[in-house]
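Student: The structure is given below, and queries will be raised subsequently.
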Amino acid sequence: MDPIIILQAGVATGTVLLFATIGEILAERSGVLNLGVEGMMLIGAMTAFSTTIATGNPWLGVLAAMFAAGLISQIHAFITITLQADQVVSGLALTFLGTGISLVLGEGLSKAGTVSLLPNFSIPVLSQIPILGPILFTKQSVLVYIGYLFTPLTWYFINHTRPGLNLRSVGEYPSAVDSLGISVFGLRYFYVFVGGMLAGLAGATISLAVAPGWFSELTTAGQGWIAVGLVIFAQWDPVRAMFGSYAFGALRRLILDVQGPTIIFGLNNPFYYNPYWGFFLQMLPYAFTVIVLVIGSREAMRKRLGAPAALGNPYIRGERGK
Amino acid sequence: MAESTSLQKKRSGYKIRVEPRLDVPPAWYPLLVSLGAIVFALFLGGILISFAGGDPIRSYQHIAKASFGDIGVLSDTIVKATPILLVALACSVAFRMKLWNIGAEGQFIMGAFGASAIVLAPVLSEETPRWLYLTVMALAGMGMGAIWGFIPGYLKAKLNVNEIISTLMLNYIAVAWVNFWIFGVWSEGGFQMSPKFPNVAWLPRLAEYAKEIPIFRGLTTHAGLLIGIVAAIILWLIVYRSRWGYEIRLIGDNAQAAKYAGINITSNIIYVMMLSGALAGLGGMSEVSGVVHRLQTAPIAAGYGFTGIIVAWLAKLNPLVIVVVSVLFGALILAGREIQPSGVPKMIQGIILVSLIASDFLLRYRVRIVRADAEE
């Protein structure tokens, strides 16, 4: 139960949630709620793993995963943007579809054995910083470092660039964007695709770095849904999403570590002597998601913050008030 | 601008025009569209199956034969359809109000837990009359399911917490909760299951009446089917013939109008989530008492909650149509168990749902192919 190890592992596993959450933030900022994150992540994890087995190159696996998940996200885009169907039901359907397809195509992958994984390394100078060095910069996967760079870049992109302004506008008031001659459909298709690619990257992060392998539905074990919850907690802000994701990652590691020692805080460890008490620990991430949602929703109500105004509404040109 | 578009039309000759449907389409039209969507989905699924190295035609033949081939397998199909039926009813009433209860799976599991607790605690002695014993089990199942629906309902109504995510998270918590009891407290000799229930806790099966009616020999269809059909009829009456049902439908169609009409949305959210949870919980009771006869995670957390969502949607949220559709999905699940690769039933369910949602477009819009030069 070394807090540094827990936080280090938290950052590593939290990177999965980070990519998925930021992807969903981008899609929702454009006005499209995509509940298919879990399905897209499974597609990504399966594609990454099988591509790496076939080619021996994990980077190809990552690219294939992003492309495959991005591709399947376009089903959701077509149904909700062009066909104007309900985004909630379509997103659910995408999760079923993604889960089903990845189970069918991933058949037998669980016995595939080991593959070459993405590299882990330490950053020379930064890893010497006390406390932060070992947590953030020692023996982390290359994807974790990509996450460090990616989060502030996304934040800057959304808040301080012209395309970012277009993104925010299309989620808040699409008809204004349309009147400027910018394609609402085009932007939304694009950001759903980006969201899908990031969900695929999150899946690849699991199967090629954090918990290597393919374990059918248990590969993601509901992390896609936790990501959707984190978006609300993060109030559609990538930096808040980063802290939320790492906190969740640390919680997952803490749960594992609590069950190990025979004595904890000077007492006999109940989770060691009665392993089935561990099921209460297993509930924690999910219970925590609900608590985080309550906090996020309360804060949003108090500050009158909220989801992008057009989130969940199809854009129909010429309709009033959309 | 105008010139360039007219040039394009001349080149293509024909043009697809999409226009909003102003009239109400005839009654057979939605049915045709749904059937078309399913055929399309099976076709797509077939392509994917062959892509994964299977034989689609043999897979589908196998599904048909292994689920409707003779009275024995038909009975097994109905056994699989029973939990789907109750869960789909649970989903339909919540969806009717645009409450996205994705937690029927968890409510189903908690219902199974509640019913099992009556047997395993034990709350009632085995000498209790069977009808009373089963009634108490059903009430306990519904109660636990309703509690599991109340939590997200309350959070949604009072704190504006997104019910999709809260109900989903409660699914995972329900599984861990049941695991705690069957691994620890009620474990039978260290196995991950409770002891078998005594006969008094079994829902009656057709096979029990084989002495009077020989054709029932070996049939596993149990009274849960009856419970499900009665529940469907009652739910239909509530939704289409009662004042409360009118309120539910009005909130679902136009929450703003409902509010102006003086309907209390907050309390309706909580009540409907509890009703939804109770129906799913009843499904859980029917499954442990009618099929599994013990508390065990794998057979009760088998994804019925998610299949129920698709069935409810396919039946356009109509309780009576749900009865029919759940039999078809029972067949898919029953026969799908032996199909390789094993993810096929799940994938086909996903494709069916996607095609159905996409096909709704045809109900709202009219797609016409017109001659380009006939225009204007």
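Note on naming: chains are A, B, ... as they come in the structure tokens, residues start from 1 per chain, ligands start from 1 in the order shown.
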Identify, on the basis of only C-alpha atoms, every residue whose closest approach to region 10-15 of chain A does not exceed 9 Å; exclude the query and any residue fewer than 4 positions from it along the same chain; express the result as a PDB file with all heavy atoms, in the first residue's frame.

Tutor:
ATOM      1  N   ILE A   5       3.086   4.199  -5.438  1.00  0.00           N
ATOM      2  CA  ILE A   5       2.784   3.166  -6.437  1.00  0.00           C
ATOM      3  C   ILE A   5       1.318   3.256  -6.864  1.00  0.00           C
ATOM      4  O   ILE A   5       0.986   3.128  -8.043  1.00  0.00           O
ATOM      5  CB  ILE A   5       3.098   1.767  -5.853  1.00  0.00           C
ATOM      6  CG1 ILE A   5       4.615   1.628  -5.688  1.00  0.00           C
ATOM      7  CG2 ILE A   5       2.544   0.669  -6.740  1.00  0.00           C
ATOM      8  CD1 ILE A   5       5.052   0.323  -5.118  1.00  0.00           C
ATOM      9  N   ILE A   6       0.442   3.520  -5.883  1.00  0.00           N
ATOM     10  CA  ILE A   6      -0.980   3.617  -6.219  1.00  0.00           C
ATOM     11  C   ILE A   6      -1.226   4.767  -7.192  1.00  0.00           C
ATOM     12  O   ILE A   6      -1.924   4.616  -8.195  1.00  0.00           O
ATOM     13  CB  ILE A   6      -1.820   3.793  -4.938  1.00  0.00           C
ATOM     14  CG1 ILE A   6      -1.814   2.481  -4.157  1.00  0.00           C
ATOM     15  CG2 ILE A   6      -3.244   4.204  -5.267  1.00  0.00           C
ATOM     16  CD1 ILE A   6      -2.467   2.559  -2.815  1.00  0.00           C
ATOM     17  N   PHE A  19      -8.441   9.383 -22.422  1.00  0.00           N
ATOM     18  CA  PHE A  19      -8.666   9.450 -23.870  1.00  0.00           C
ATOM     19  C   PHE A  19     -10.154   9.338 -24.188  1.00  0.00           C
ATOM     20  O   PHE A  19     -10.690  10.100 -24.993  1.00  0.00           O
ATOM     21  CB  PHE A  19      -7.889   8.341 -24.587  1.00  0.00           C
ATOM     22  CG  PHE A  19      -6.403   8.568 -24.612  1.00  0.00           C
ATOM     23  CD1 PHE A  19      -5.515   7.529 -24.361  1.00  0.00           C
ATOM     24  CD2 PHE A  19      -5.889   9.817 -24.885  1.00  0.00           C
ATOM     25  CE1 PHE A  19      -4.150   7.727 -24.387  1.00  0.00           C
ATOM     26  CE2 PHE A  19      -4.510  10.026 -24.917  1.00  0.00           C
ATOM     27  CZ  PHE A  19      -3.646   8.989 -24.658  1.00  0.00           C
ATOM     28  N   ALA A  20     -10.808   8.364 -23.546  1.00  0.00           N
ATOM     29  CA  ALA A  20     -12.223   8.152 -23.841  1.00  0.00           C
ATOM     30  C   ALA A  20     -13.040   9.385 -23.455  1.00  0.00           C
ATOM     31  O   ALA A  20     -13.931   9.816 -24.193  1.00  0.00           O
ATOM     32  CB  ALA A  20     -12.732   6.922 -23.098  1.00  0.00           C
ATOM     33  N   ILE A 135       5.862   9.384  -9.660  1.00  0.00           N
ATOM     34  CA  ILE A 135       4.450   9.159 -10.003  1.00  0.00           C
ATOM     35  C   ILE A 135       4.224   9.373 -11.494  1.00  0.00           C
ATOM     36  O   ILE A 135       3.622   8.532 -12.165  1.00  0.00           O
ATOM     37  CB  ILE A 135       3.537  10.118  -9.198  1.00  0.00           C
ATOM     38  CG1 ILE A 135       3.591   9.784  -7.724  1.00  0.00           C
ATOM     39  CG2 ILE A 135       2.100  10.035  -9.713  1.00  0.00           C
ATOM     40  CD1 ILE A 135       2.831  10.755  -6.850  1.00  0.00           C
ATOM     41  N   LEU A 136       4.742  10.475 -12.022  1.00  0.00           N
ATOM     42  CA  LEU A 136       4.352  10.861 -13.381  1.00  0.00           C
ATOM     43  C   LEU A 136       5.342  10.437 -14.455  1.00  0.00           C
ATOM     44  O   LEU A 136       4.953  10.213 -15.598  1.00  0.00           O
ATOM     45  CB  LEU A 136       4.161  12.383 -13.463  1.00  0.00           C
ATOM     46  CG  LEU A 136       3.063  12.981 -12.598  1.00  0.00           C
ATOM     47  CD1 LEU A 136       3.044  14.488 -12.729  1.00  0.00           C
ATOM     48  CD2 LEU A 136       1.712  12.417 -12.981  1.00  0.00           C
ATOM     49  N   GLN A 140       6.532   4.880 -17.232  1.00  0.00           N
ATOM     50  CA  GLN A 140       5.155   4.937 -17.719  1.00  0.00           C
ATOM     51  C   GLN A 140       5.130   4.564 -19.189  1.00  0.00           C
ATOM     52  O   GLN A 140       6.142   4.685 -19.899  1.00  0.00           O
ATOM     53  CB  GLN A 140       4.584   6.351 -17.529  1.00  0.00           C
ATOM     54  CG  GLN A 140       4.389   6.755 -16.076  1.00  0.00           C
ATOM     55  CD  GLN A 140       3.195   6.092 -15.414  1.00  0.00           C
ATOM     56  OE1 GLN A 140       2.731   5.045 -15.860  1.00  0.00           O
ATOM     57  NE2 GLN A 140       2.729   6.671 -14.326  1.00  0.00           N
ATOM     58  N   SER A 141       3.942   4.164 -19.649  1.00  0.00           N
ATOM     59  CA  SER A 141       3.796   3.846 -21.071  1.00  0.00           C
ATOM     60  C   SER A 141       3.889   5.134 -21.888  1.00  0.00           C
ATOM     61  O   SER A 141       3.553   6.224 -21.404  1.00  0.00           O
ATOM     62  CB  SER A 141       2.457   3.172 -21.318  1.00  0.00           C
ATOM     63  OG  SER A 141       2.192   3.147 -22.690  1.00  0.00           O
ATOM     64  N   LEU A 143       1.972   6.045 -24.054  1.00  0.00           N
ATOM     65  CA  LEU A 143       0.642   6.643 -24.194  1.00  0.00           C
ATOM     66  C   LEU A 143       0.312   7.561 -23.027  1.00  0.00           C
ATOM     67  O   LEU A 143      -0.410   8.540 -23.186  1.00  0.00           O
ATOM     68  CB  LEU A 143      -0.414   5.543 -24.302  1.00  0.00           C
ATOM     69  CG  LEU A 143      -0.395   4.748 -25.604  1.00  0.00           C
ATOM     70  CD1 LEU A 143      -1.371   3.586 -25.535  1.00  0.00           C
ATOM     71  CD2 LEU A 143      -0.721   5.644 -26.776  1.00  0.00           C
ATOM     72  N   VAL A 144       0.874   7.254 -21.857  1.00  0.00           N
ATOM     73  CA  VAL A 144       0.645   8.125 -20.697  1.00  0.00           C
ATOM     74  C   VAL A 144       1.248   9.499 -20.967  1.00  0.00           C
ATOM     75  O   VAL A 144       0.615  10.533 -20.706  1.00  0.00           O
ATOM     76  CB  VAL A 144       1.255   7.493 -19.428  1.00  0.00           C
ATOM     77  CG1 VAL A 144       1.186   8.464 -18.261  1.00  0.00           C
ATOM     78  CG2 VAL A 144       0.543   6.199 -19.079  1.00  0.00           C
ATOM     79  N   GLY A 147      -0.778  11.402 -23.241  1.00  0.00           N
ATOM     80  CA  GLY A 147      -1.907  11.979 -22.524  1.00  0.00           C
ATOM     81  C   GLY A 147      -1.568  13.309 -21.873  1.00  0.00           C
ATOM     82  O   GLY A 147      -2.358  14.248 -21.895  1.00  0.00           O
ATOM     83  N   ALA A 202      -8.344   4.700 -26.500  1.00  0.00           N
ATOM     84  CA  ALA A 202      -8.509   4.258 -25.115  1.00  0.00           C
ATOM     85  C   ALA A 202      -8.531   2.735 -25.050  1.00  0.00           C
ATOM     86  O   ALA A 202      -7.897   2.128 -24.172  1.00  0.00           O
ATOM     87  CB  ALA A 202      -9.800   4.837 -24.531  1.00  0.00           C
ATOM     88  N   THR A 205      -5.135   1.471 -25.510  1.00  0.00           N
ATOM     89  CA  THR A 205      -4.347   1.692 -24.297  1.00  0.00           C
ATOM     90  C   THR A 205      -4.525   0.530 -23.326  1.00  0.00           C
ATOM     91  O   THR A 205      -3.581   0.109 -22.663  1.00  0.00           O
ATOM     92  CB  THR A 205      -4.778   3.011 -23.613  1.00  0.00           C
ATOM     93  OG1 THR A 205      -4.795   4.041 -24.594  1.00  0.00           O
ATOM     94  CG2 THR A 205      -3.844   3.389 -22.496  1.00  0.00           C
ATOM     95  N   ILE A 206      -5.750  -0.004 -23.270  1.00  0.00           N
ATOM     96  CA  ILE A 206      -5.965  -1.163 -22.392  1.00  0.00           C
ATOM     97  C   ILE A 206      -5.226  -2.379 -22.931  1.00  0.00           C
ATOM     98  O   ILE A 206      -4.385  -2.966 -22.255  1.00  0.00           O
ATOM     99  CB  ILE A 206      -7.467  -1.512 -22.276  1.00  0.00           C
ATOM    100  CG1 ILE A 206      -8.251  -0.346 -21.703  1.00  0.00           C
ATOM    101  CG2 ILE A 206      -7.649  -2.748 -21.404  1.00  0.00           C
ATOM    102  CD1 ILE A 206      -9.738  -0.598 -21.644  1.00  0.00           C
ATOM    103  N   ALA A 209      -1.210  -1.754 -23.421  1.00  0.00           N
ATOM    104  CA  ALA A 209      -0.330  -1.118 -22.453  1.00  0.00           C
ATOM    105  C   ALA A 209      -0.735  -1.398 -21.006  1.00  0.00           C
ATOM    106  O   ALA A 209       0.028  -1.972 -20.247  1.00  0.00           O
ATOM    107  CB  ALA A 209      -0.278   0.398 -22.702  1.00  0.00           C
ATOM    108  N   VAL A 210      -1.942  -1.029 -20.629  1.00  0.00           N
ATOM    109  CA  VAL A 210      -2.295  -1.033 -19.204  1.00  0.00           C
ATOM    110  C   VAL A 210      -2.595  -2.439 -18.695  1.00  0.00           C
ATOM    111  O   VAL A 210      -2.073  -2.872 -17.668  1.00  0.00           O
ATOM    112  CB  VAL A 210      -3.495  -0.100 -18.959  1.00  0.00           C
ATOM    113  CG1 VAL A 210      -4.003  -0.259 -17.548  1.00  0.00           C
ATOM    114  CG2 VAL A 210      -3.096   1.334 -19.222  1.00  0.00           C
ATOM    115  N   ALA A 211      -3.455  -3.155 -19.414  1.00  0.00           N
ATOM    116  CA  ALA A 211      -3.800  -4.525 -19.011  1.00  0.00           C
ATOM    117  C   ALA A 211      -3.778  -5.370 -20.261  1.00  0.00           C
ATOM    118  O   ALA A 211      -4.822  -5.704 -20.804  1.00  0.00           O
ATOM    119  CB  ALA A 211      -5.176  -4.555 -18.349  1.00  0.00           C
ATOM    120  N   MET A 242      -8.983  15.265 -16.911  1.00  0.00           N
ATOM    121  CA  MET A 242      -7.699  14.643 -16.601  1.00  0.00           C
ATOM    122  C   MET A 242      -7.635  14.274 -15.115  1.00  0.00           C
ATOM    123  O   MET A 242      -7.326  13.134 -14.762  1.00  0.00           O
ATOM    124  CB  MET A 242      -6.585  15.620 -16.951  1.00  0.00           C
ATOM    125  CG  MET A 242      -5.201  15.057 -16.808  1.00  0.00           C
ATOM    126  SD  MET A 242      -4.033  16.355 -17.246  1.00  0.00           S
ATOM    127  CE  MET A 242      -2.712  15.390 -17.926  1.00  0.00           C
ATOM    128  N   PHE A 243      -7.996  15.217 -14.245  1.00  0.00           N
ATOM    129  CA  PHE A 243      -7.937  14.922 -12.810  1.00  0.00           C
ATOM    130  C   PHE A 243      -8.917  13.817 -12.448  1.00  0.00           C
ATOM    131  O   PHE A 243      -8.586  12.899 -11.685  1.00  0.00           O
ATOM    132  CB  PHE A 243      -8.216  16.191 -11.998  1.00  0.00           C
ATOM    133  CG  PHE A 243      -7.089  17.170 -12.058  1.00  0.00           C
ATOM    134  CD1 PHE A 243      -7.232  18.394 -12.691  1.00  0.00           C
ATOM    135  CD2 PHE A 243      -5.852  16.848 -11.507  1.00  0.00           C
ATOM    136  CE1 PHE A 243      -6.171  19.292 -12.767  1.00  0.00           C
ATOM    137  CE2 PHE A 243      -4.794  17.737 -11.578  1.00  0.00           C
ATOM    138  CZ  PHE A 243      -4.957  18.960 -12.216  1.00  0.00           C
ATOM    139  N   GLY A 244     -10.121  13.891 -13.013  1.00  0.00           N
ATOM    140  CA  GLY A 244     -11.114  12.859 -12.729  1.00  0.00           C
ATOM    141  C   GLY A 244     -10.625  11.480 -13.156  1.00  0.00           C
ATOM    142  O   GLY A 244     -10.744  10.502 -12.423  1.00  0.00           O
ATOM    143  N   SER A 245     -10.032  11.407 -14.351  1.00  0.00           N
ATOM    144  CA  SER A 245      -9.581  10.113 -14.864  1.00  0.00           C
ATOM    145  C   SER A 245      -8.486   9.527 -13.985  1.00  0.00           C
ATOM    146  O   SER A 245      -8.526   8.342 -13.643  1.00  0.00           O
ATOM    147  CB  SER A 245      -9.047  10.270 -16.287  1.00  0.00           C
ATOM    148  OG  SER A 245      -9.991  10.862 -17.109  1.00  0.00           O
ATOM    149  N   TYR A 246      -7.512  10.352 -13.614  1.00  0.00           N
ATOM    150  CA  TYR A 246      -6.413   9.834 -12.796  1.00  0.00           C
ATOM    151  C   TYR A 246      -6.918   9.404 -11.418  1.00  0.00           C
ATOM    152  O   TYR A 246      -6.472   8.390 -10.867  1.00  0.00           O
ATOM    153  CB  TYR A 246      -5.304  10.882 -12.665  1.00  0.00           C
ATOM    154  CG  TYR A 246      -4.568  11.146 -13.956  1.00  0.00           C
ATOM    155  CD1 TYR A 246      -3.799  12.297 -14.121  1.00  0.00           C
ATOM    156  CD2 TYR A 246      -4.620  10.248 -15.020  1.00  0.00           C
ATOM    157  CE1 TYR A 246      -3.126  12.545 -15.310  1.00  0.00           C
ATOM    158  CE2 TYR A 246      -3.965  10.493 -16.202  1.00  0.00           C
ATOM    159  CZ  TYR A 246      -3.222  11.641 -16.358  1.00  0.00           C
ATOM    160  OH  TYR A 246      -2.560  11.884 -17.531  1.00  0.00           O
ATOM    161  N   ALA A 247      -7.873  10.165 -10.876  1.00  0.00           N
ATOM    162  CA  ALA A 247      -8.422   9.790  -9.569  1.00  0.00           C
ATOM    163  C   ALA A 247      -9.094   8.422  -9.656  1.00  0.00           C
ATOM    164  O   ALA A 247      -8.922   7.572  -8.773  1.00  0.00           O
ATOM    165  CB  ALA A 247      -9.414  10.850  -9.095  1.00  0.00           C
ATOM    166  N   PHE A 248      -9.832   8.204 -10.748  1.00  0.00           N
ATOM    167  CA  PHE A 248     -10.483   6.914 -10.913  1.00  0.00           C
ATOM    168  C   PHE A 248      -9.467   5.790 -11.082  1.00  0.00           C
ATOM    169  O   PHE A 248      -9.634   4.707 -10.541  1.00  0.00           O
ATOM    170  CB  PHE A 248     -11.430   6.939 -12.112  1.00  0.00           C
ATOM    171  CG  PHE A 248     -12.837   7.139 -11.693  1.00  0.00           C
ATOM    172  CD1 PHE A 248     -13.391   8.397 -11.679  1.00  0.00           C
ATOM    173  CD2 PHE A 248     -13.600   6.068 -11.286  1.00  0.00           C
ATOM    174  CE1 PHE A 248     -14.687   8.595 -11.269  1.00  0.00           C
ATOM    175  CE2 PHE A 248     -14.893   6.251 -10.871  1.00  0.00           C
ATOM    176  CZ  PHE A 248     -15.435   7.524 -10.857  1.00  0.00           C
ATOM    177  N   GLY A 249      -8.418   6.082 -11.839  1.00  0.00           N
ATOM    178  CA  GLY A 249      -7.368   5.079 -12.018  1.00  0.00           C
ATOM    179  C   GLY A 249      -6.748   4.695 -10.685  1.00  0.00           C
ATOM    180  O   GLY A 249      -6.552   3.516 -10.380  1.00  0.00           O
ATOM    181  N   ALA A 250      -6.460   5.707  -9.849  1.00  0.00           N
ATOM    182  CA  ALA A 250      -5.859   5.441  -8.544  1.00  0.00           C
ATOM    183  C   ALA A 250      -6.800   4.617  -7.672  1.00  0.00           C
ATOM    184  O   ALA A 250      -6.367   3.720  -6.951  1.00  0.00           O
ATOM    185  CB  ALA A 250      -5.506   6.757  -7.863  1.00  0.00           C
ATOM    186  N   LEU A 251      -8.100   4.914  -7.785  1.00  0.00           N
ATOM    187  CA  LEU A 251      -9.077   4.171  -6.986  1.00  0.00           C
ATOM    188  C   LEU A 251      -9.056   2.684  -7.352  1.00  0.00           C
ATOM    189  O   LEU A 251      -9.078   1.814  -6.478  1.00  0.00           O
ATOM    190  CB  LEU A 251     -10.468   4.756  -7.229  1.00  0.00           C
ATOM    191  CG  LEU A 251     -11.596   4.117  -6.437  1.00  0.00           C
ATOM    192  CD1 LEU A 251     -11.446   4.432  -4.968  1.00  0.00           C
ATOM    193  CD2 LEU A 251     -12.941   4.601  -6.938  1.00  0.00           C
ATOM    194  N   ARG A 252      -8.969   2.403  -8.653  1.00  0.00           N
ATOM    195  CA  ARG A 252      -8.941   0.997  -9.082  1.00  0.00           C
ATOM    196  C   ARG A 252      -7.732   0.268  -8.501  1.00  0.00           C
ATOM    197  O   ARG A 252      -7.811  -0.879  -8.090  1.00  0.00           O
ATOM    198  CB  ARG A 252      -8.902   0.917 -10.610  1.00  0.00           C
ATOM    199  CG  ARG A 252     -10.205   1.284 -11.256  1.00  0.00           C
ATOM    200  CD  ARG A 252     -10.016   1.406 -12.747  1.00  0.00           C
ATOM    201  NE  ARG A 252      -9.929   0.110 -13.371  1.00  0.00           N
ATOM    202  CZ  ARG A 252     -10.960  -0.500 -13.929  1.00  0.00           C
ATOM    203  NH1 ARG A 252     -12.139   0.063 -13.915  1.00  0.00           N
ATOM    204  NH2 ARG A 252     -10.823  -1.670 -14.487  1.00  0.00           N
ATOM    205  N   ARG A 253      -6.588   0.954  -8.501  1.00  0.00           N
ATOM    206  CA  ARG A 253      -5.387   0.333  -7.972  1.00  0.00           C
ATOM    207  C   ARG A 253      -5.489   0.150  -6.447  1.00  0.00           C
ATOM    208  O   ARG A 253      -5.111  -0.874  -5.896  1.00  0.00           O
ATOM    209  CB  ARG A 253      -4.171   1.203  -8.330  1.00  0.00           C
ATOM    210  CG  ARG A 253      -2.872   0.704  -7.763  1.00  0.00           C
ATOM    211  CD  ARG A 253      -2.545  -0.677  -8.321  1.00  0.00           C
ATOM    212  NE  ARG A 253      -1.442  -1.265  -7.587  1.00  0.00           N
ATOM    213  CZ  ARG A 253      -0.396  -1.843  -8.169  1.00  0.00           C
ATOM    214  NH1 ARG A 253      -0.338  -1.933  -9.479  1.00  0.00           N
ATOM    215  NH2 ARG A 253       0.566  -2.351  -7.444  1.00  0.00           N
ATOM    216  N   LEU A 254      -6.036   1.172  -5.783  1.00  0.00           N
ATOM    217  CA  LEU A 254      -6.194   1.115  -4.325  1.00  0.00           C
ATOM    218  C   LEU A 254      -7.015  -0.105  -3.928  1.00  0.00           C
ATOM    219  O   LEU A 254      -6.684  -0.819  -2.973  1.00  0.00           O
ATOM    220  CB  LEU A 254      -6.880   2.402  -3.846  1.00  0.00           C
ATOM    221  CG  LEU A 254      -7.122   2.514  -2.349  1.00  0.00           C
ATOM    222  CD1 LEU A 254      -5.796   2.696  -1.621  1.00  0.00           C
ATOM    223  CD2 LEU A 254      -8.044   3.681  -2.026  1.00  0.00           C
TER     224      LEU A 254
END

Student: DSSP on the backbone, helix (DSSP H, G or I) only: what residues of region 168-241 of chain B does that give? Format it as a ChimeraX atom specification.

Tutor: /B:168-185,199-201,206-209,214-216,224-241

Student: Output the contact residues of chain A with respect to chain B at a cut-off of 6 Å, based on only C-alpha atoms, as an MDAnalysis selection string.

Tutor: chainID A and resid 79 83 93 96:97 100:101 103:105 276 279 283 286 290 294 297

Student: Pull N, CA, C and O atoms from the residues just selected and write them as an mmCIF file, in the first residue's frame.

Tutor:
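Below is the file out_38.cif, written as the result:
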data_model
loop_
_atom_site.group_PDB
_atom_site.id
_atom_site.type_symbol
_atom_site.label_atom_id
_atom_site.label_comp_id
_atom_site.auth_asym_id
_atom_site.auth_seq_id
_atom_site.Cartn_x
_atom_site.Cartn_y
_atom_site.Cartn_z
ATOM 1 N N ILE A 79 -26.892 7.991 -38.231
ATOM 2 C CA ILE A 79 -28.243 7.802 -37.699
ATOM 3 C C ILE A 79 -28.743 9.061 -36.991
ATOM 4 O O ILE A 79 -29.898 9.445 -37.127
ATOM 5 N N LEU A 83 -30.091 11.078 -40.244
ATOM 6 C CA LEU A 83 -31.441 10.536 -40.097
ATOM 7 C C LEU A 83 -32.175 11.124 -38.891
ATOM 8 O O LEU A 83 -33.339 10.805 -38.656
ATOM 9 N N ALA A 93 -27.438 1.490 -29.012
ATOM 10 C CA ALA A 93 -27.334 0.485 -30.064
ATOM 11 C C ALA A 93 -25.892 0.332 -30.502
ATOM 12 O O ALA A 93 -25.428 -0.778 -30.752
ATOM 13 N N PHE A 96 -24.147 -1.933 -28.097
ATOM 14 C CA PHE A 96 -24.467 -3.348 -28.363
ATOM 15 C C PHE A 96 -23.708 -3.840 -29.584
ATOM 16 O O PHE A 96 -23.118 -4.917 -29.584
ATOM 17 N N LEU A 97 -23.770 -3.027 -30.630
ATOM 18 C CA LEU A 97 -23.161 -3.432 -31.893
ATOM 19 C C LEU A 97 -21.658 -3.606 -31.732
ATOM 20 O O LEU A 97 -21.092 -4.619 -32.153
ATOM 21 N N GLY A 100 -20.909 -6.680 -29.668
ATOM 22 C CA GLY A 100 -21.155 -7.901 -30.427
ATOM 23 C C GLY A 100 -20.088 -8.145 -31.476
ATOM 24 O O GLY A 100 -19.526 -9.238 -31.563
ATOM 25 N N ILE A 101 -19.778 -7.118 -32.260
ATOM 26 C CA ILE A 101 -18.787 -7.291 -33.334
ATOM 27 C C ILE A 101 -17.431 -7.649 -32.743
ATOM 28 O O ILE A 101 -16.735 -8.540 -33.238
ATOM 29 N N LEU A 103 -16.827 -9.165 -29.981
ATOM 30 C CA LEU A 103 -16.839 -10.545 -29.482
ATOM 31 C C LEU A 103 -16.698 -11.540 -30.634
ATOM 32 O O LEU A 103 -15.977 -12.533 -30.526
ATOM 33 N N VAL A 104 -17.399 -11.263 -31.726
ATOM 34 C CA VAL A 104 -17.353 -12.203 -32.859
ATOM 35 C C VAL A 104 -15.965 -12.200 -33.490
ATOM 36 O O VAL A 104 -15.354 -13.248 -33.696
ATOM 37 N N LEU A 105 -15.464 -11.001 -33.798
ATOM 38 C CA LEU A 105 -14.174 -10.943 -34.481
ATOM 39 C C LEU A 105 -13.014 -11.231 -33.529
ATOM 40 O O LEU A 105 -11.919 -11.575 -33.960
ATOM 41 N N TYR A 276 -14.431 -12.425 0.348
ATOM 42 C CA TYR A 276 -15.674 -12.009 -0.305
ATOM 43 C C TYR A 276 -16.112 -10.603 0.102
ATOM 44 O O TYR A 276 -16.965 -10.015 -0.540
ATOM 45 N N PHE A 279 -15.946 -7.800 -2.566
ATOM 46 C CA PHE A 279 -16.967 -7.377 -3.524
ATOM 47 C C PHE A 279 -17.469 -5.969 -3.218
ATOM 48 O O PHE A 279 -17.884 -5.248 -4.111
ATOM 49 N N MET A 283 -17.428 -2.571 -5.785
ATOM 50 C CA MET A 283 -18.525 -1.651 -6.085
ATOM 51 C C MET A 283 -18.041 -0.210 -6.155
ATOM 52 O O MET A 283 -18.691 0.632 -6.765
ATOM 53 N N TYR A 286 -17.936 2.167 -9.285
ATOM 54 C CA TYR A 286 -19.255 2.434 -9.837
ATOM 55 C C TYR A 286 -20.047 3.352 -8.907
ATOM 56 O O TYR A 286 -20.722 4.280 -9.354
ATOM 57 N N VAL A 290 -21.442 7.412 -9.521
ATOM 58 C CA VAL A 290 -22.731 8.017 -9.193
ATOM 59 C C VAL A 290 -22.520 9.246 -8.315
ATOM 60 O O VAL A 290 -23.115 10.306 -8.548
ATOM 61 N N VAL A 294 -23.490 13.139 -9.004
ATOM 62 C CA VAL A 294 -24.300 13.985 -8.125
ATOM 63 C C VAL A 294 -23.584 15.315 -7.906
ATOM 64 O O VAL A 294 -24.188 16.391 -8.042
ATOM 65 N N SER A 297 -23.624 17.370 -11.152
ATOM 66 C CA SER A 297 -24.931 17.909 -11.485
ATOM 67 C C SER A 297 -25.309 19.052 -10.560
ATOM 68 O O SER A 297 -25.888 20.055 -10.990
#

Student: Please identify all polymer residues within 7 Å of region 216-229 of chain A, counting only C-alpha atoms, omitting same-chain residues fewer than 6 positions from it, and present them as a PyMOL selection string.

Tutor: (chain A and resi 17+20-21+24+37-38+41-42+103+289+293) or (chain B and resi 165)
